[in-house]
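Asker: Pasting run.pdb below, which is PDB, C-alpha atoms.
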ATOM      1  CA  MET A1102      -6.405 -22.657   5.549  1.00  0.00           C
ATOM      2  CA  LEU A1103      -6.776 -21.675   9.217  1.00  0.00           C
ATOM      3  CA  TYR A1104      -3.579 -19.588   8.999  1.00  0.00           C
ATOM      4  CA  SER A1105      -5.095 -17.645   6.090  1.00  0.00           C
ATOM      5  CA  ILE A1106      -8.294 -16.857   7.981  1.00  0.00           C
ATOM      6  CA  ILE A1107      -6.463 -15.767  11.142  1.00  0.00           C
ATOM      7  CA  LEU A1108      -4.027 -13.615   9.174  1.00  0.00           C
ATOM      8  CA  ALA A1109      -6.868 -12.005   7.189  1.00  0.00           C
ATOM      9  CA  PHE A1110      -8.564 -11.097  10.475  1.00  0.00           C
ATOM     10  CA  LEU A1111      -5.347  -9.649  11.910  1.00  0.00           C
ATOM     11  CA  PHE A1112      -4.737  -7.572   8.787  1.00  0.00           C
ATOM     12  CA  ALA A1113      -8.316  -6.277   8.998  1.00  0.00           C
ATOM     13  CA  VAL A1114      -7.638  -5.111  12.558  1.00  0.00           C
ATOM     14  CA  ALA A1115      -4.384  -3.427  11.481  1.00  0.00           C
ATOM     15  CA  ALA A1116      -6.092  -1.786   8.490  1.00  0.00           C
ATOM     16  CA  GLY A1117      -8.777  -0.378  10.781  1.00  0.00           C
ATOM     17  CA  LEU A1118      -6.125   1.134  13.029  1.00  0.00           C
ATOM     18  CA  VAL A1119      -4.265   2.645  10.084  1.00  0.00           C
ATOM     19  CA  GLY A1120      -7.502   4.080   8.678  1.00  0.00           C
ATOM     20  CA  SER A1121      -8.436   5.627  12.013  1.00  0.00           C
ATOM     21  CA  PHE A1122      -4.946   7.094  12.364  1.00  0.00           C
ATOM     22  CA  ALA A1123      -5.099   8.572   8.849  1.00  0.00           C
ATOM     23  CA  LEU A1124      -8.517  10.073   9.579  1.00  0.00           C
ATOM     24  CA  MET A1125      -7.322  11.675  12.814  1.00  0.00           C
ATOM     25  CA  LYS A1126      -4.246  13.124  11.109  1.00  0.00           C
ATOM     26  CA  ARG A1127      -6.351  14.338   8.137  1.00  0.00           C
ATOM     27  CA  MET A1128      -4.309  12.211   5.725  1.00  0.00           C
ATOM     28  CA  ILE A1129      -7.123  10.326   3.987  1.00  0.00           C
ATOM     29  CA  LEU A1130      -6.339  11.736   0.527  1.00  0.00           C
ATOM     30  CA  ALA A1131      -2.674  10.837   0.879  1.00  0.00           C
ATOM     31  CA  ALA A1132      -3.556   7.284   1.958  1.00  0.00           C
ATOM     32  CA  ASP A1133      -5.823   6.861  -1.065  1.00  0.00           C
ATOM     33  CA  VAL A1134      -3.119   8.098  -3.421  1.00  0.00           C
ATOM     34  CA  ILE A1135      -0.427   5.891  -1.933  1.00  0.00           C
ATOM     35  CA  SER A1136      -2.596   2.814  -2.446  1.00  0.00           C
ATOM     36  CA  HIS A1137      -3.092   3.695  -6.118  1.00  0.00           C
ATOM     37  CA  VAL A1138       0.593   4.408  -6.701  1.00  0.00           C
ATOM     38  CA  ALA A1139       1.232   0.650  -6.467  1.00  0.00           C
ATOM     39  CA  LEU A1140      -0.790   0.038  -9.655  1.00  0.00           C
ATOM     40  CA  PRO A1141       2.013   0.822 -12.177  1.00  0.00           C
ATOM     41  CA  GLY A1142       4.339  -1.511 -10.258  1.00  0.00           C
ATOM     42  CA  LEU A1143       1.763  -4.283 -10.419  1.00  0.00           C
ATOM     43  CA  GLY A1144       1.394  -3.707 -14.152  1.00  0.00           C
ATOM     44  CA  LEU A1145       5.146  -3.894 -14.689  1.00  0.00           C
ATOM     45  CA  ALA A1146       5.383  -7.017 -12.517  1.00  0.00           C
ATOM     46  CA  PHE A1147       2.680  -8.789 -14.533  1.00  0.00           C
ATOM     47  CA  LEU A1148       4.196  -7.583 -17.808  1.00  0.00           C
ATOM     48  CA  PHE A1149       7.735  -8.791 -17.004  1.00  0.00           C
ATOM     49  CA  HIS A1150       6.678 -11.822 -14.891  1.00  0.00           C
ATOM     50  CA  PHE A1151       8.196 -10.991 -11.524  1.00  0.00           C
ATOM     51  CA  ASN A1152       6.745 -10.774  -8.026  1.00  0.00           C
ATOM     52  CA  PRO A1153       3.954  -8.139  -7.898  1.00  0.00           C
ATOM     53  CA  LEU A1154       4.887  -7.337  -4.293  1.00  0.00           C
ATOM     54  CA  LEU A1155       8.297  -6.141  -5.473  1.00  0.00           C
ATOM     55  CA  GLY A1156       6.816  -4.060  -8.274  1.00  0.00           C
ATOM     56  CA  GLY A1157       4.177  -2.494  -6.053  1.00  0.00           C
ATOM     57  CA  GLY A1158       6.680  -1.810  -3.277  1.00  0.00           C
ATOM     58  CA  ALA A1159       9.132  -0.160  -5.656  1.00  0.00           C
ATOM     59  CA  THR A1160       6.539   2.161  -7.167  1.00  0.00           C
ATOM     60  CA  LEU A1161       5.144   2.963  -3.711  1.00  0.00           C
ATOM     61  CA  PHE A1162       8.610   4.054  -2.639  1.00  0.00           C
ATOM     62  CA  LEU A1163       9.151   6.096  -5.809  1.00  0.00           C
ATOM     63  CA  GLY A1164       5.676   7.638  -5.620  1.00  0.00           C
ATOM     64  CA  THR A1165       6.189   8.657  -2.010  1.00  0.00           C
ATOM     65  CA  LEU A1166       9.513  10.267  -2.904  1.00  0.00           C
ATOM     66  CA  LEU A1167       7.899  12.055  -5.850  1.00  0.00           C
ATOM     67  CA  ILE A1168       5.098  13.465  -3.665  1.00  0.00           C
ATOM     68  CA  TRP A1169       7.661  14.573  -1.106  1.00  0.00           C
ATOM     69  CA  LYS A1170       9.830  16.268  -3.764  1.00  0.00           C
ATOM     70  CA  LEU A1171       6.842  18.009  -5.377  1.00  0.00           C
ATOM     71  CA  GLN A1172       5.602  19.100  -1.964  1.00  0.00           C
ATOM     72  CA  ARG A1173       8.960  20.660  -1.129  1.00  0.00           C
ATOM     73  CA  ASN A1174       8.758  22.750  -4.307  1.00  0.00           C
ATOM     74  CA  GLU A1175       7.276  26.034  -3.144  1.00  0.00           C
ATOM     75  CA  SER A1176       5.091  26.508  -6.218  1.00  0.00           C
ATOM     76  CA  PHE A1177       3.089  23.304  -5.490  1.00  0.00           C
ATOM     77  CA  SER A1178       0.730  22.806  -2.584  1.00  0.00           C
ATOM     78  CA  THR A1179       0.476  19.377  -0.963  1.00  0.00           C
ATOM     79  CA  GLU A1180      -2.907  18.744  -2.590  1.00  0.00           C
ATOM     80  CA  VAL A1181      -1.524  19.516  -6.054  1.00  0.00           C
ATOM     81  CA  ALA A1182       1.424  17.155  -5.595  1.00  0.00           C
ATOM     82  CA  ILE A1183      -0.868  14.377  -4.384  1.00  0.00           C
ATOM     83  CA  GLY A1184      -3.324  14.948  -7.245  1.00  0.00           C
ATOM     84  CA  VAL A1185      -0.635  14.870  -9.926  1.00  0.00           C
ATOM     85  CA  VAL A1186       0.893  11.639  -8.648  1.00  0.00           C
ATOM     86  CA  PHE A1187      -2.540  10.032  -8.181  1.00  0.00           C
ATOM     87  CA  ALA A1188      -3.748  10.794 -11.708  1.00  0.00           C
ATOM     88  CA  GLY A1189      -0.465   9.795 -13.307  1.00  0.00           C
ATOM     89  CA  SER A1190      -0.129   6.505 -11.438  1.00  0.00           C
ATOM     90  CA  VAL A1191      -3.704   5.397 -12.125  1.00  0.00           C
ATOM     91  CA  ALA A1192      -3.332   6.191 -15.839  1.00  0.00           C
ATOM     92  CA  ILE A1193       0.023   4.429 -16.175  1.00  0.00           C
ATOM     93  CA  GLY A1194      -1.121   1.447 -14.115  1.00  0.00           C
ATOM     94  CA  ALA A1195      -4.336   0.970 -16.088  1.00  0.00           C
ATOM     95  CA  ALA A1196      -2.420   1.134 -19.361  1.00  0.00           C
ATOM     96  CA  LEU A1197       0.222  -1.393 -18.258  1.00  0.00           C
ATOM     97  CA  THR A1198      -1.878  -3.990 -16.444  1.00  0.00           C
ATOM     98  CA  PRO A1199      -3.758  -6.669 -18.414  1.00  0.00           C
ATOM     99  CA  THR A1200      -7.457  -6.800 -17.464  1.00  0.00           C
ATOM    100  CA  GLU A1201      -7.482 -10.334 -16.030  1.00  0.00           C
ATOM    101  CA  ASP A1202      -4.383  -9.635 -13.925  1.00  0.00           C
ATOM    102  CA  LEU A1203      -5.885  -6.341 -12.797  1.00  0.00           C
ATOM    103  CA  VAL A1204      -8.920  -8.127 -11.335  1.00  0.00           C
ATOM    104  CA  ASP A1205      -6.663 -10.596  -9.490  1.00  0.00           C
ATOM    105  CA  ALA A1206      -4.514  -7.738  -8.180  1.00  0.00           C
ATOM    106  CA  PHE A1207      -7.521  -5.827  -6.852  1.00  0.00           C
ATOM    107  CA  PHE A1208      -9.398  -8.721  -5.271  1.00  0.00           C
ATOM    108  CA  GLY A1209      -6.678 -11.301  -4.686  1.00  0.00           C
ATOM    109  CA  LYS A1210      -7.084 -15.001  -4.087  1.00  0.00           C
ATOM    110  CA  PHE A1211      -7.725 -16.770  -0.825  1.00  0.00           C
ATOM    111  CA  GLU A1212      -5.078 -19.478  -0.662  1.00  0.00           C
ATOM    112  CA  GLN A1213      -3.393 -21.604   1.952  1.00  0.00           C
ATOM    113  CA  ILE A1214      -0.209 -20.090   3.384  1.00  0.00           C
ATOM    114  CA  SER A1215       2.821 -21.662   5.007  1.00  0.00           C
ATOM    115  CA  GLY A1216       3.747 -21.348   8.668  1.00  0.00           C
ATOM    116  CA  PHE A1217       6.666 -19.073   7.764  1.00  0.00           C
ATOM    117  CA  THR A1218       4.409 -16.743   5.784  1.00  0.00           C
ATOM    118  CA  PHE A1219       1.983 -16.707   8.704  1.00  0.00           C
ATOM    119  CA  ILE A1220       4.742 -15.703  11.134  1.00  0.00           C
ATOM    120  CA  ILE A1221       5.936 -12.931   8.794  1.00  0.00           C
ATOM    121  CA  GLY A1222       2.358 -11.670   8.493  1.00  0.00           C
ATOM    122  CA  VAL A1223       1.835 -11.691  12.260  1.00  0.00           C
ATOM    123  CA  LEU A1224       5.107  -9.780  12.721  1.00  0.00           C
ATOM    124  CA  ALA A1225       4.021  -7.229  10.115  1.00  0.00           C
ATOM    125  CA  VAL A1226       0.680  -6.726  11.884  1.00  0.00           C
ATOM    126  CA  ALA A1227       2.448  -6.397  15.248  1.00  0.00           C
ATOM    127  CA  LEU A1228       4.798  -3.783  13.784  1.00  0.00           C
ATOM    128  CA  ILE A1229       1.877  -1.787  12.357  1.00  0.00           C
ATOM    129  CA  VAL A1230      -0.071  -1.933  15.623  1.00  0.00           C
ATOM    130  CA  PHE A1231       3.008  -0.935  17.632  1.00  0.00           C
ATOM    131  CA  PHE A1232       3.706   2.011  15.297  1.00  0.00           C
ATOM    132  CA  ILE A1233       0.120   3.283  15.455  1.00  0.00           C
ATOM    133  CA  LEU A1234      -0.102   2.952  19.241  1.00  0.00           C
ATOM    134  CA  ASP A1235       3.312   4.551  19.682  1.00  0.00           C
ATOM    135  CA  THR A1236       2.606   7.555  17.457  1.00  0.00           C
ATOM    136  CA  ARG A1237      -1.046   8.188  18.358  1.00  0.00           C
ATOM    137  CA  ALA A1238      -0.035  10.787  20.938  1.00  0.00           C
ATOM    138  CA  LEU A1239       1.855  12.888  18.386  1.00  0.00           C
TER
END
In structure tokens, how does this file's structure come out?
Answerer:
Amino acid sequence: MLYSIILAFLFAVAAGLVGSFALMKRMILAADVISHVALPGLGLAFLFHFNPLLGGGATLFLGTLLIWKLQRNESFSTEVAIGVVFAGSVAIGAALTPTEDLVDAFFGKFEQISGFTFIIGVLAVALIVFFILDTRAL
């Protein structure tokens, strides 16, 4: 259980850095949309009984590509592309995800993790911190 508490603290530190970076780069709306784009993937993962991390990751990738493609279209502004993807992903995700699974997906469960999972989590936090510190001057 100690690994879970330490990793939760480290992820909180990394999330604070990412939030500060997004605020400085005026990307708060995009960050909010990207987090909601995972919802359809979670719904599909719960519906077809596979790992929600895979479903969320796949729809995050597709949603990011869709925003990028819409943004490159000269008739759409960035805000319009972000708004369209946000509204569509929330609607699709809410329709696909069962209510009890939706609550678990939003709030999670505090469980014991293995040493390997802890190491992977620490590496992920280190990568995020390194990226933010490396790109803060841009």
Asker: Within 12 Å of A:Gln1213, counting all atoms listed in the file, which residues show up once you throw out same-chain ones fewer than 4 positions away? Write them as an MDAnalysis selection string, please.
Answerer: chainID A and resid 1102:1109 1217:1219
Asker: Need the neighbours of (-3.6, 3.9, -12.4): which residues are at most 12 Å away, counting all atoms listed in the file, as a VMD selection string?
Answerer: chain A and resid 1133 to 1145 1157 1160 1185 to 1198 1203 1207
Asker: As an MDAnalysis selection string, please: the residues near A:Leu1118 (cut-off 10 Å, all atoms listed in the file, same-chain neighbours under 4 positions excluded).
Answerer: chainID A and resid 1112:1114 1122:1124 1229:1230 1233:1234
